[in-house]
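J.: For reference, the structure I am asking about is given below.
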Amino acid sequence: MNQSQSNLRKVIICALFAAITAVLAQVEVTAPACANKWANIGSWLNRDHYWQ
Amino acid sequence: MPISGQTLGVGLTATIIGSKLGAIAMICYAALGVVGAPVFAGFSGGAQVLIGPTGGYIFGFILTAFVTGLILERTSFTFSMAIVANIAGMIITLLCGTIQLKFVLDLNWSLALASGVYPFIVVGLMKAVLASWIGILLRNRLIRANILLRRKVLEILIAF
């Protein structure tokens, strides 16, 4: 494989994976309940705001 | 709370094609978004997304892909190492995202962490395992099919 073919392969690979990421970015799911519990832990850690 | 598949894409990219090409792919992804292509979550695009509250996550993807790929290249492309590398990548993404979130929205650190890190930890770990499993599986298949070159050969080819 010569240099230009190698470069072309790299460009195609990068473009392909950028496109895959773009497609996956449009897939949205709702976080499960356990993740919301972690969010609540965040709120709990932030509780000092209520005291101020 | 909606969770997008962006970070899964970053993890897959780094696990399959490694550090340099992975980082370049993420630069391409960010550049496509900057010029207005609707490639970011929710079919959004434009430079305002990058300088907005969630832009740090997108900047973080570039560093994440590089570090995740580098860990795998320095160790081995196995499922267990891929999980370690993808969890390290997840931490980098969340930190980059939270730093920009804090400064753009002028939040204090505890609120920034509560908004930008804690809600994404559990799902992030799930995505890290998924990216590792699918990534290693696909990488091995692509190498067997001669579509992707083996690590040592690829390193020689992409040596700048």
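Chains: A, B, ... in order of the structure tokens. Residues: from 1 per chain. Ligands: from 1, in order shown.
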Residues of chain B within 9 Å of chain A, counting only C-alpha atoms, what are they? List them as a PyMOL selection string.
T.: chain B and resi 1-10+12-13+17+21-30+32+38-43+110-111+113-115+117-123+157-158
J.: Can you pull out the residues contacting Leu95 (chain B)? Cut-off 9 Å, using only C-alpha atoms, and skip same-chain residues under 2 positions away; I want them as a ChimeraX atom specification.
T.: /B:56-57,60,90-93,97-100,113,116-117
J.: Rounded to one decimal, what separation in Å do you get between CA of Ala47 (chain B) and CA of Gly33 (chain B)?
T.: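 That distance, rounded to one decimal, is 7.1 Å.
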J.: What gap, in Å, lies between CA of Arg144 (chain B) and CA of Gly11 (chain B)?
T.: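 Between CA of Arg144 (chain B) and CA of Gly11 (chain B) the gap works out to 21.0 Å.
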J.: Report, in Å to a single decimal, how far apart CA of Ile71 (chain B) and CA of Ile136 (chain B) are.
T.: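 Between these atoms lies a distance of 13.8 Å.
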J.: Identify, with DSSP run on backbone atoms, the residues in chain B assigned to helix (DSSP H, G or I), and express the list as a compact mmCIF listing (two decimals) with N, CA, C and O atoms, in the first residue's frame.
T.:
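So the final result, stored in result_19.txt, reads:
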```txt
# COMPACT_ATOMS: atom_id res chain seq x y z
N GLN B 6 -23.78 9.74 22.25
CA GLN B 6 -22.52 10.36 21.81
C GLN B 6 -21.30 9.71 22.43
O GLN B 6 -20.34 9.36 21.73
N THR B 7 -21.31 9.56 23.75
CA THR B 7 -20.13 9.04 24.43
C THR B 7 -19.89 7.56 24.09
O THR B 7 -18.75 7.11 24.11
N LEU B 8 -20.98 6.86 23.75
CA LEU B 8 -20.82 5.49 23.27
C LEU B 8 -20.04 5.49 21.95
O LEU B 8 -19.15 4.67 21.74
N GLY B 9 -20.37 6.45 21.11
CA GLY B 9 -19.66 6.60 19.83
C GLY B 9 -18.19 6.91 20.04
O GLY B 9 -17.32 6.37 19.35
N VAL B 10 -17.89 7.76 21.00
CA VAL B 10 -16.50 8.13 21.28
C VAL B 10 -15.73 6.90 21.79
O VAL B 10 -14.63 6.61 21.33
N GLY B 11 -16.34 6.17 22.72
CA GLY B 11 -15.71 4.98 23.27
C GLY B 11 -15.47 3.92 22.19
O GLY B 11 -14.40 3.32 22.12
N LEU B 12 -16.46 3.72 21.35
CA LEU B 12 -16.33 2.74 20.26
C LEU B 12 -15.20 3.16 19.31
O LEU B 12 -14.37 2.34 18.92
N THR B 13 -15.18 4.44 18.96
CA THR B 13 -14.16 4.95 18.03
C THR B 13 -12.76 4.70 18.58
O THR B 13 -11.90 4.16 17.88
N ALA B 14 -12.53 5.08 19.83
CA ALA B 14 -11.20 4.92 20.41
C ALA B 14 -10.83 3.46 20.58
O ALA B 14 -9.68 3.08 20.34
N THR B 15 -11.80 2.64 20.96
CA THR B 15 -11.52 1.21 21.18
C THR B 15 -11.18 0.51 19.86
O THR B 15 -10.35 -0.38 19.82
N ILE B 16 -11.83 0.94 18.79
CA ILE B 16 -11.62 0.25 17.51
C ILE B 16 -10.39 0.80 16.77
O ILE B 16 -9.56 0.02 16.29
N ILE B 17 -10.25 2.12 16.68
CA ILE B 17 -9.17 2.65 15.82
C ILE B 17 -8.02 3.30 16.58
O ILE B 17 -7.08 3.78 15.96
N SER B 19 -5.74 5.78 19.41
CA SER B 19 -5.62 7.16 19.90
C SER B 19 -5.60 8.23 18.80
O SER B 19 -6.43 9.14 18.81
N LYS B 20 -4.65 8.12 17.87
CA LYS B 20 -4.47 9.20 16.89
C LYS B 20 -5.67 9.33 15.96
O LYS B 20 -6.24 10.42 15.81
N LEU B 21 -6.04 8.22 15.33
CA LEU B 21 -7.17 8.26 14.40
C LEU B 21 -8.46 8.56 15.15
O LEU B 21 -9.34 9.27 14.64
N GLY B 22 -8.56 8.06 16.38
CA GLY B 22 -9.75 8.32 17.19
C GLY B 22 -9.90 9.81 17.47
O GLY B 22 -10.98 10.38 17.34
N ALA B 23 -8.78 10.44 17.86
CA ALA B 23 -8.82 11.88 18.15
C ALA B 23 -9.12 12.67 16.87
O ALA B 23 -9.90 13.63 16.90
N ILE B 24 -8.53 12.25 15.75
CA ILE B 24 -8.80 12.95 14.48
C ILE B 24 -10.28 12.80 14.10
O ILE B 24 -10.92 13.75 13.64
N ALA B 25 -10.83 11.60 14.31
CA ALA B 25 -12.26 11.38 14.00
C ALA B 25 -13.13 12.31 14.84
O ALA B 25 -14.13 12.86 14.36
N MET B 26 -12.75 12.50 16.11
CA MET B 26 -13.54 13.39 16.98
C MET B 26 -13.37 14.85 16.59
O MET B 26 -14.30 15.65 16.72
N ILE B 27 -12.18 15.21 16.09
CA ILE B 27 -11.99 16.59 15.58
C ILE B 27 -12.89 16.79 14.35
O ILE B 27 -13.53 17.83 14.20
N CYS B 28 -12.95 15.77 13.49
CA CYS B 28 -13.85 15.83 12.30
C CYS B 28 -15.30 16.00 12.75
O CYS B 28 -16.04 16.81 12.18
N TYR B 29 -15.68 15.24 13.78
CA TYR B 29 -17.06 15.29 14.30
C TYR B 29 -17.38 16.70 14.81
O TYR B 29 -18.41 17.29 14.47
N ALA B 30 -16.45 17.26 15.62
CA ALA B 30 -16.66 18.61 16.16
C ALA B 30 -16.67 19.64 15.03
O ALA B 30 -17.50 20.57 15.04
N ALA B 31 -15.78 19.46 14.05
CA ALA B 31 -15.71 20.41 12.93
C ALA B 31 -16.99 20.38 12.11
O ALA B 31 -17.50 21.43 11.68
N LEU B 32 -17.55 19.18 11.91
CA LEU B 32 -18.83 19.06 11.17
C LEU B 32 -19.92 19.84 11.90
O LEU B 32 -20.73 20.53 11.29
N GLY B 33 -19.92 19.73 13.23
CA GLY B 33 -20.91 20.45 14.03
C GLY B 33 -20.71 21.95 13.96
O GLY B 33 -21.68 22.71 13.85
N VAL B 34 -19.45 22.38 14.00
CA VAL B 34 -19.14 23.82 13.97
C VAL B 34 -19.64 24.46 12.67
O VAL B 34 -20.18 25.57 12.68
N ALA B 41 -26.09 16.13 19.67
CA ALA B 41 -27.32 15.54 20.22
C ALA B 41 -28.54 16.39 19.88
O ALA B 41 -28.47 17.63 19.88
N GLY B 42 -29.65 15.72 19.57
CA GLY B 42 -30.89 16.43 19.25
C GLY B 42 -30.82 17.14 17.92
O GLY B 42 -31.48 18.18 17.73
N PHE B 43 -30.04 16.62 16.98
CA PHE B 43 -29.87 17.21 15.64
C PHE B 43 -29.47 18.68 15.72
O PHE B 43 -29.88 19.49 14.91
N ALA B 47 -21.46 26.65 15.90
CA ALA B 47 -20.40 26.99 16.86
C ALA B 47 -20.96 27.33 18.24
O ALA B 47 -20.28 27.16 19.25
N GLN B 48 -22.23 27.80 18.25
CA GLN B 48 -22.81 28.19 19.55
C GLN B 48 -22.95 26.99 20.50
O GLN B 48 -22.93 27.17 21.71
N VAL B 49 -23.06 25.79 19.94
CA VAL B 49 -23.14 24.59 20.80
C VAL B 49 -21.79 24.39 21.51
O VAL B 49 -21.75 24.06 22.70
N LEU B 50 -20.70 24.59 20.76
CA LEU B 50 -19.37 24.38 21.35
C LEU B 50 -19.03 25.40 22.43
O LEU B 50 -18.33 25.09 23.38
N ILE B 51 -19.51 26.64 22.25
CA ILE B 51 -19.20 27.65 23.27
C ILE B 51 -20.31 27.74 24.33
O ILE B 51 -20.21 28.50 25.27
N GLY B 55 -20.75 22.51 25.60
CA GLY B 55 -19.65 22.40 24.63
C GLY B 55 -18.42 21.70 25.18
O GLY B 55 -17.67 21.07 24.42
N GLY B 56 -18.22 21.78 26.49
CA GLY B 56 -17.05 21.14 27.09
C GLY B 56 -17.04 19.64 26.89
O GLY B 56 -15.97 19.03 26.77
N TYR B 57 -18.22 19.04 26.84
CA TYR B 57 -18.29 17.59 26.61
C TYR B 57 -17.74 17.27 25.22
O TYR B 57 -17.03 16.28 25.04
N ILE B 58 -18.07 18.13 24.25
CA ILE B 58 -17.62 17.87 22.87
C ILE B 58 -16.11 18.06 22.75
O ILE B 58 -15.42 17.27 22.12
N PHE B 59 -15.58 19.12 23.38
CA PHE B 59 -14.12 19.28 23.42
C PHE B 59 -13.49 18.06 24.11
O PHE B 59 -12.45 17.55 23.69
N GLY B 60 -14.15 17.62 25.17
CA GLY B 60 -13.64 16.48 25.94
C GLY B 60 -13.57 15.21 25.12
O GLY B 60 -12.71 14.36 25.36
N PHE B 61 -14.45 15.07 24.12
CA PHE B 61 -14.46 13.85 23.29
C PHE B 61 -13.11 13.65 22.60
O PHE B 61 -12.66 12.52 22.42
N ILE B 62 -12.48 14.76 22.19
CA ILE B 62 -11.20 14.67 21.47
C ILE B 62 -10.13 14.09 22.40
O ILE B 62 -9.43 13.13 22.06
N LEU B 63 -10.05 14.67 23.60
CA LEU B 63 -9.08 14.19 24.60
C LEU B 63 -9.42 12.77 25.05
O LEU B 63 -8.54 11.92 25.21
N THR B 64 -10.72 12.52 25.22
CA THR B 64 -11.17 11.19 25.64
C THR B 64 -10.75 10.12 24.64
O THR B 64 -10.20 9.08 25.02
N ALA B 65 -11.00 10.38 23.35
CA ALA B 65 -10.64 9.40 22.32
C ALA B 65 -9.14 9.15 22.33
O ALA B 65 -8.69 8.00 22.22
N PHE B 66 -8.36 10.22 22.48
CA PHE B 66 -6.90 10.06 22.46
C PHE B 66 -6.42 9.23 23.66
O PHE B 66 -5.67 8.27 23.49
N VAL B 67 -6.89 9.60 24.85
CA VAL B 67 -6.42 8.91 26.06
C VAL B 67 -6.91 7.46 26.10
O VAL B 67 -6.14 6.55 26.41
N THR B 68 -8.17 7.24 25.74
CA THR B 68 -8.72 5.87 25.73
C THR B 68 -7.91 4.99 24.78
O THR B 68 -7.50 3.88 25.12
N GLY B 69 -7.68 5.50 23.58
CA GLY B 69 -6.90 4.74 22.59
C GLY B 69 -5.47 4.51 23.05
O GLY B 69 -4.91 3.43 22.87
N LEU B 70 -4.89 5.55 23.67
CA LEU B 70 -3.49 5.45 24.13
C LEU B 70 -3.34 4.39 25.21
O LEU B 70 -2.38 3.60 25.19
N ILE B 71 -4.29 4.35 26.14
CA ILE B 71 -4.23 3.33 27.21
C ILE B 71 -4.25 1.93 26.58
O ILE B 71 -3.47 1.05 26.95
N LEU B 72 -5.12 1.75 25.59
CA LEU B 72 -5.22 0.43 24.94
C LEU B 72 -3.96 0.10 24.14
O LEU B 72 -3.51 -1.04 24.13
N GLU B 73 -3.39 1.11 23.48
CA GLU B 73 -2.17 0.87 22.69
C GLU B 73 -0.98 0.55 23.59
O GLU B 73 -0.11 -0.24 23.22
N ARG B 74 -0.94 1.19 24.77
CA ARG B 74 0.19 0.97 25.69
C ARG B 74 0.03 -0.34 26.47
O ARG B 74 0.99 -0.83 27.05
N PHE B 79 -10.82 -6.98 26.44
CA PHE B 79 -12.08 -6.49 27.01
C PHE B 79 -11.85 -5.81 28.36
O PHE B 79 -12.35 -4.71 28.60
N SER B 80 -11.03 -6.44 29.22
CA SER B 80 -10.83 -5.86 30.56
C SER B 80 -10.10 -4.51 30.48
O SER B 80 -10.47 -3.55 31.15
N MET B 81 -9.06 -4.43 29.63
CA MET B 81 -8.34 -3.16 29.50
C MET B 81 -9.22 -2.10 28.83
O MET B 81 -9.11 -0.91 29.13
N ALA B 82 -10.09 -2.56 27.93
CA ALA B 82 -10.99 -1.61 27.26
C ALA B 82 -11.95 -0.98 28.27
O ALA B 82 -12.27 0.21 28.17
N ILE B 83 -12.38 -1.78 29.25
CA ILE B 83 -13.28 -1.22 30.28
C ILE B 83 -12.54 -0.16 31.09
O ILE B 83 -13.05 0.94 31.32
N VAL B 84 -11.29 -0.48 31.48
CA VAL B 84 -10.48 0.50 32.24
C VAL B 84 -10.31 1.78 31.41
O VAL B 84 -10.51 2.90 31.91
N ALA B 85 -9.93 1.62 30.14
CA ALA B 85 -9.67 2.77 29.27
C ALA B 85 -10.94 3.60 29.05
O ALA B 85 -10.90 4.83 29.07
N ASN B 86 -12.06 2.92 28.85
CA ASN B 86 -13.32 3.64 28.61
C ASN B 86 -13.83 4.35 29.86
O ASN B 86 -14.45 5.42 29.76
N ILE B 87 -13.57 3.76 31.04
CA ILE B 87 -13.97 4.45 32.28
C ILE B 87 -13.09 5.69 32.47
O ILE B 87 -13.59 6.76 32.85
N ALA B 88 -11.79 5.56 32.17
CA ALA B 88 -10.90 6.73 32.24
C ALA B 88 -11.40 7.81 31.26
O ALA B 88 -11.44 9.00 31.60
N GLY B 89 -11.81 7.36 30.07
CA GLY B 89 -12.34 8.30 29.08
C GLY B 89 -13.61 8.98 29.56
O GLY B 89 -13.80 10.19 29.36
N MET B 90 -14.47 8.19 30.21
CA MET B 90 -15.72 8.76 30.73
C MET B 90 -15.42 9.86 31.75
O MET B 90 -16.05 10.93 31.72
N ILE B 91 -14.44 9.61 32.61
CA ILE B 91 -14.07 10.61 33.62
C ILE B 91 -13.58 11.90 32.95
O ILE B 91 -13.96 13.00 33.33
N ILE B 92 -12.75 11.74 31.91
CA ILE B 92 -12.23 12.92 31.19
C ILE B 92 -13.37 13.72 30.56
O ILE B 92 -13.44 14.94 30.68
N THR B 93 -14.29 13.01 29.89
CA THR B 93 -15.43 13.69 29.26
C THR B 93 -16.24 14.46 30.30
O THR B 93 -16.57 15.64 30.09
N LEU B 94 -16.56 13.80 31.41
CA LEU B 94 -17.38 14.45 32.43
C LEU B 94 -16.67 15.65 33.05
O LEU B 94 -17.29 16.68 33.31
N LEU B 95 -15.35 15.52 33.26
CA LEU B 95 -14.60 16.64 33.84
C LEU B 95 -14.56 17.84 32.89
O LEU B 95 -14.84 18.97 33.29
N CYS B 96 -14.24 17.56 31.61
CA CYS B 96 -14.19 18.65 30.62
C CYS B 96 -15.56 19.32 30.51
O CYS B 96 -15.67 20.55 30.48
N GLY B 97 -16.61 18.50 30.44
CA GLY B 97 -17.96 19.03 30.32
C GLY B 97 -18.36 19.87 31.52
O GLY B 97 -18.94 20.95 31.38
N THR B 98 -18.01 19.37 32.71
CA THR B 98 -18.41 20.07 33.94
C THR B 98 -17.66 21.40 34.10
O THR B 98 -18.24 22.38 34.56
N ILE B 99 -16.40 21.42 33.71
CA ILE B 99 -15.63 22.67 33.83
C ILE B 99 -16.28 23.77 32.99
O ILE B 99 -16.49 24.89 33.45
N GLN B 100 -16.62 23.43 31.72
CA GLN B 100 -17.26 24.46 30.86
C GLN B 100 -18.65 24.82 31.38
O GLN B 100 -19.04 25.99 31.37
N LEU B 101 -19.38 23.80 31.83
CA LEU B 101 -20.73 24.02 32.38
C LEU B 101 -20.66 25.01 33.55
O LEU B 101 -21.46 25.94 33.64
N LYS B 102 -19.68 24.80 34.42
CA LYS B 102 -19.51 25.67 35.59
C LYS B 102 -19.26 27.12 35.18
O LYS B 102 -19.92 28.04 35.69
N PHE B 103 -18.34 27.32 34.24
CA PHE B 103 -17.95 28.69 33.90
C PHE B 103 -18.98 29.39 33.01
O PHE B 103 -19.22 30.58 33.17
N VAL B 104 -19.59 28.65 32.08
CA VAL B 104 -20.57 29.30 31.19
C VAL B 104 -21.84 29.68 31.97
O VAL B 104 -22.39 30.77 31.79
N LEU B 105 -22.29 28.77 32.85
CA LEU B 105 -23.52 29.06 33.60
C LEU B 105 -23.23 29.72 34.96
O LEU B 105 -24.16 30.01 35.71
N TRP B 109 -19.08 24.84 42.28
CA TRP B 109 -18.62 23.51 41.92
C TRP B 109 -19.61 22.41 42.29
O TRP B 109 -19.81 21.46 41.53
N SER B 110 -20.23 22.53 43.46
CA SER B 110 -21.14 21.45 43.88
C SER B 110 -22.35 21.37 42.96
O SER B 110 -22.80 20.28 42.60
N LEU B 111 -22.85 22.52 42.52
CA LEU B 111 -23.99 22.52 41.60
C LEU B 111 -23.56 22.02 40.21
O LEU B 111 -24.30 21.29 39.54
N ALA B 112 -22.35 22.42 39.80
CA ALA B 112 -21.84 21.97 38.49
C ALA B 112 -21.67 20.44 38.49
O ALA B 112 -22.04 19.78 37.52
N LEU B 113 -21.14 19.89 39.59
CA LEU B 113 -20.98 18.44 39.68
C LEU B 113 -22.34 17.75 39.73
O LEU B 113 -22.54 16.70 39.12
N ALA B 114 -23.28 18.37 40.45
CA ALA B 114 -24.63 17.79 40.56
C ALA B 114 -25.34 17.78 39.20
O ALA B 114 -26.13 16.88 38.92
N SER B 115 -25.04 18.76 38.36
CA SER B 115 -25.70 18.83 37.05
C SER B 115 -24.93 18.09 35.97
O SER B 115 -25.51 17.54 35.04
N GLY B 116 -23.59 18.12 36.08
CA GLY B 116 -22.78 17.62 34.96
C GLY B 116 -22.09 16.31 35.15
O GLY B 116 -21.59 15.73 34.18
N TYR B 118 -22.80 13.72 38.38
CA TYR B 118 -23.53 12.67 39.10
C TYR B 118 -24.62 11.98 38.26
O TYR B 118 -24.73 10.76 38.29
N PRO B 119 -25.42 12.74 37.49
CA PRO B 119 -26.50 12.06 36.75
C PRO B 119 -25.98 11.10 35.67
O PRO B 119 -26.72 10.26 35.19
N PHE B 120 -24.71 11.27 35.29
CA PHE B 120 -24.20 10.50 34.15
C PHE B 120 -23.27 9.36 34.54
O PHE B 120 -22.78 8.64 33.67
N ILE B 121 -23.02 9.19 35.83
CA ILE B 121 -22.05 8.17 36.26
C ILE B 121 -22.53 6.75 35.95
O ILE B 121 -21.83 5.98 35.28
N VAL B 122 -23.75 6.42 36.39
CA VAL B 122 -24.23 5.03 36.22
C VAL B 122 -24.38 4.69 34.74
O VAL B 122 -23.88 3.65 34.27
N VAL B 123 -25.03 5.58 33.99
CA VAL B 123 -25.22 5.32 32.56
C VAL B 123 -23.87 5.34 31.84
O VAL B 123 -23.64 4.57 30.90
N GLY B 124 -22.95 6.21 32.30
CA GLY B 124 -21.62 6.27 31.71
C GLY B 124 -20.87 4.96 31.88
O GLY B 124 -20.19 4.51 30.94
N LEU B 125 -21.01 4.35 33.06
CA LEU B 125 -20.36 3.05 33.29
C LEU B 125 -20.95 1.97 32.38
O LEU B 125 -20.23 1.15 31.84
N MET B 126 -22.28 2.04 32.21
CA MET B 126 -22.95 1.07 31.32
C MET B 126 -22.43 1.24 29.88
O MET B 126 -22.14 0.27 29.19
N LYS B 127 -22.31 2.51 29.46
CA LYS B 127 -21.84 2.78 28.09
C LYS B 127 -20.37 2.37 27.92
O LYS B 127 -19.97 1.92 26.86
N ALA B 128 -19.57 2.53 29.00
CA ALA B 128 -18.16 2.13 28.94
C ALA B 128 -18.04 0.62 28.72
O ALA B 128 -17.24 0.16 27.90
N VAL B 129 -18.88 -0.14 29.44
CA VAL B 129 -18.85 -1.61 29.28
C VAL B 129 -19.33 -1.99 27.88
O VAL B 129 -18.73 -2.83 27.20
N LEU B 130 -20.40 -1.33 27.42
CA LEU B 130 -20.95 -1.62 26.09
C LEU B 130 -19.95 -1.28 24.98
O LEU B 130 -19.73 -2.07 24.05
N ALA B 131 -19.30 -0.10 25.11
CA ALA B 131 -18.31 0.32 24.11
C ALA B 131 -17.13 -0.64 24.10
O ALA B 131 -16.59 -0.96 23.03
N SER B 132 -16.74 -1.12 25.27
CA SER B 132 -15.61 -2.06 25.37
C SER B 132 -15.94 -3.38 24.69
O SER B 132 -15.15 -3.91 23.90
N TRP B 133 -17.12 -3.89 25.01
CA TRP B 133 -17.53 -5.19 24.48
C TRP B 133 -17.69 -5.14 22.95
O TRP B 133 -17.06 -5.91 22.22
N ILE B 134 -18.48 -4.19 22.48
CA ILE B 134 -18.72 -4.08 21.03
C ILE B 134 -17.42 -3.67 20.32
O ILE B 134 -17.10 -4.18 19.25
N GLY B 135 -16.67 -2.73 20.94
CA GLY B 135 -15.45 -2.22 20.32
C GLY B 135 -14.40 -3.30 20.09
O GLY B 135 -13.87 -3.43 18.99
N ILE B 136 -14.13 -4.10 21.12
CA ILE B 136 -13.11 -5.16 20.99
C ILE B 136 -13.58 -6.22 19.99
O ILE B 136 -12.81 -6.70 19.15
N LEU B 137 -14.89 -6.55 20.07
CA LEU B 137 -15.46 -7.54 19.14
C LEU B 137 -15.30 -7.08 17.68
O LEU B 137 -14.81 -7.82 16.82
N LEU B 138 -15.70 -5.82 17.43
CA LEU B 138 -15.62 -5.27 16.07
C LEU B 138 -14.17 -5.14 15.60
O LEU B 138 -13.85 -5.43 14.45
N ARG B 139 -13.30 -4.69 16.51
CA ARG B 139 -11.90 -4.51 16.14
C ARG B 139 -11.28 -5.84 15.69
O ARG B 139 -10.61 -5.90 14.67
N ASN B 140 -11.55 -6.90 16.46
CA ASN B 140 -11.00 -8.21 16.10
C ASN B 140 -11.56 -8.70 14.77
O ASN B 140 -10.84 -9.27 13.95
N ARG B 141 -12.87 -8.46 14.54
CA ARG B 141 -13.48 -8.86 13.27
C ARG B 141 -12.87 -8.09 12.10
O ARG B 141 -12.61 -8.65 11.04
N LEU B 142 -12.68 -6.77 12.29
CA LEU B 142 -12.13 -5.92 11.22
C LEU B 142 -10.68 -6.29 10.91
O LEU B 142 -10.27 -6.27 9.75
N ILE B 143 -9.91 -6.67 11.94
CA ILE B 143 -8.53 -7.09 11.71
C ILE B 143 -8.51 -8.41 10.94
O ILE B 143 -7.76 -8.58 9.98
N ARG B 144 -9.42 -9.34 11.33
CA ARG B 144 -9.49 -10.64 10.65
C ARG B 144 -9.89 -10.47 9.18
O ARG B 144 -9.45 -11.22 8.32
N ARG B 151 -2.20 -3.63 15.21
CA ARG B 151 -1.68 -2.49 15.96
C ARG B 151 -0.28 -2.06 15.51
O ARG B 151 -0.05 -0.90 15.20
N LYS B 152 0.64 -2.99 15.46
CA LYS B 152 2.03 -2.64 15.15
C LYS B 152 2.13 -2.06 13.74
O LYS B 152 2.81 -1.07 13.51
N VAL B 153 1.43 -2.70 12.79
CA VAL B 153 1.47 -2.25 11.40
C VAL B 153 0.83 -0.87 11.31
O VAL B 153 1.34 0.04 10.65
N LEU B 154 -0.32 -0.72 12.01
CA LEU B 154 -1.05 0.55 11.99
C LEU B 154 -0.19 1.66 12.58
O LEU B 154 -0.16 2.78 12.05
N GLU B 155 0.55 1.34 13.65
CA GLU B 155 1.41 2.35 14.28
C GLU B 155 2.48 2.83 13.30
O GLU B 155 2.77 4.02 13.23
N ILE B 156 3.02 1.90 12.52
CA ILE B 156 4.06 2.27 11.55
C ILE B 156 3.44 3.16 10.47
O ILE B 156 3.99 4.19 10.09
N LEU B 157 2.22 2.75 10.02
CA LEU B 157 1.57 3.49 8.94
C LEU B 157 1.17 4.91 9.35
O LEU B 157 1.25 5.83 8.54
```
J.: Would you list, as a list of chain:residue names, the residues of chain B that end up in strand (DSSP E or B) under DSSP run on this structure's backbone?
T.: B:Pro2, B:Ile3, B:Ser4, B:Phe40, B:Ser44
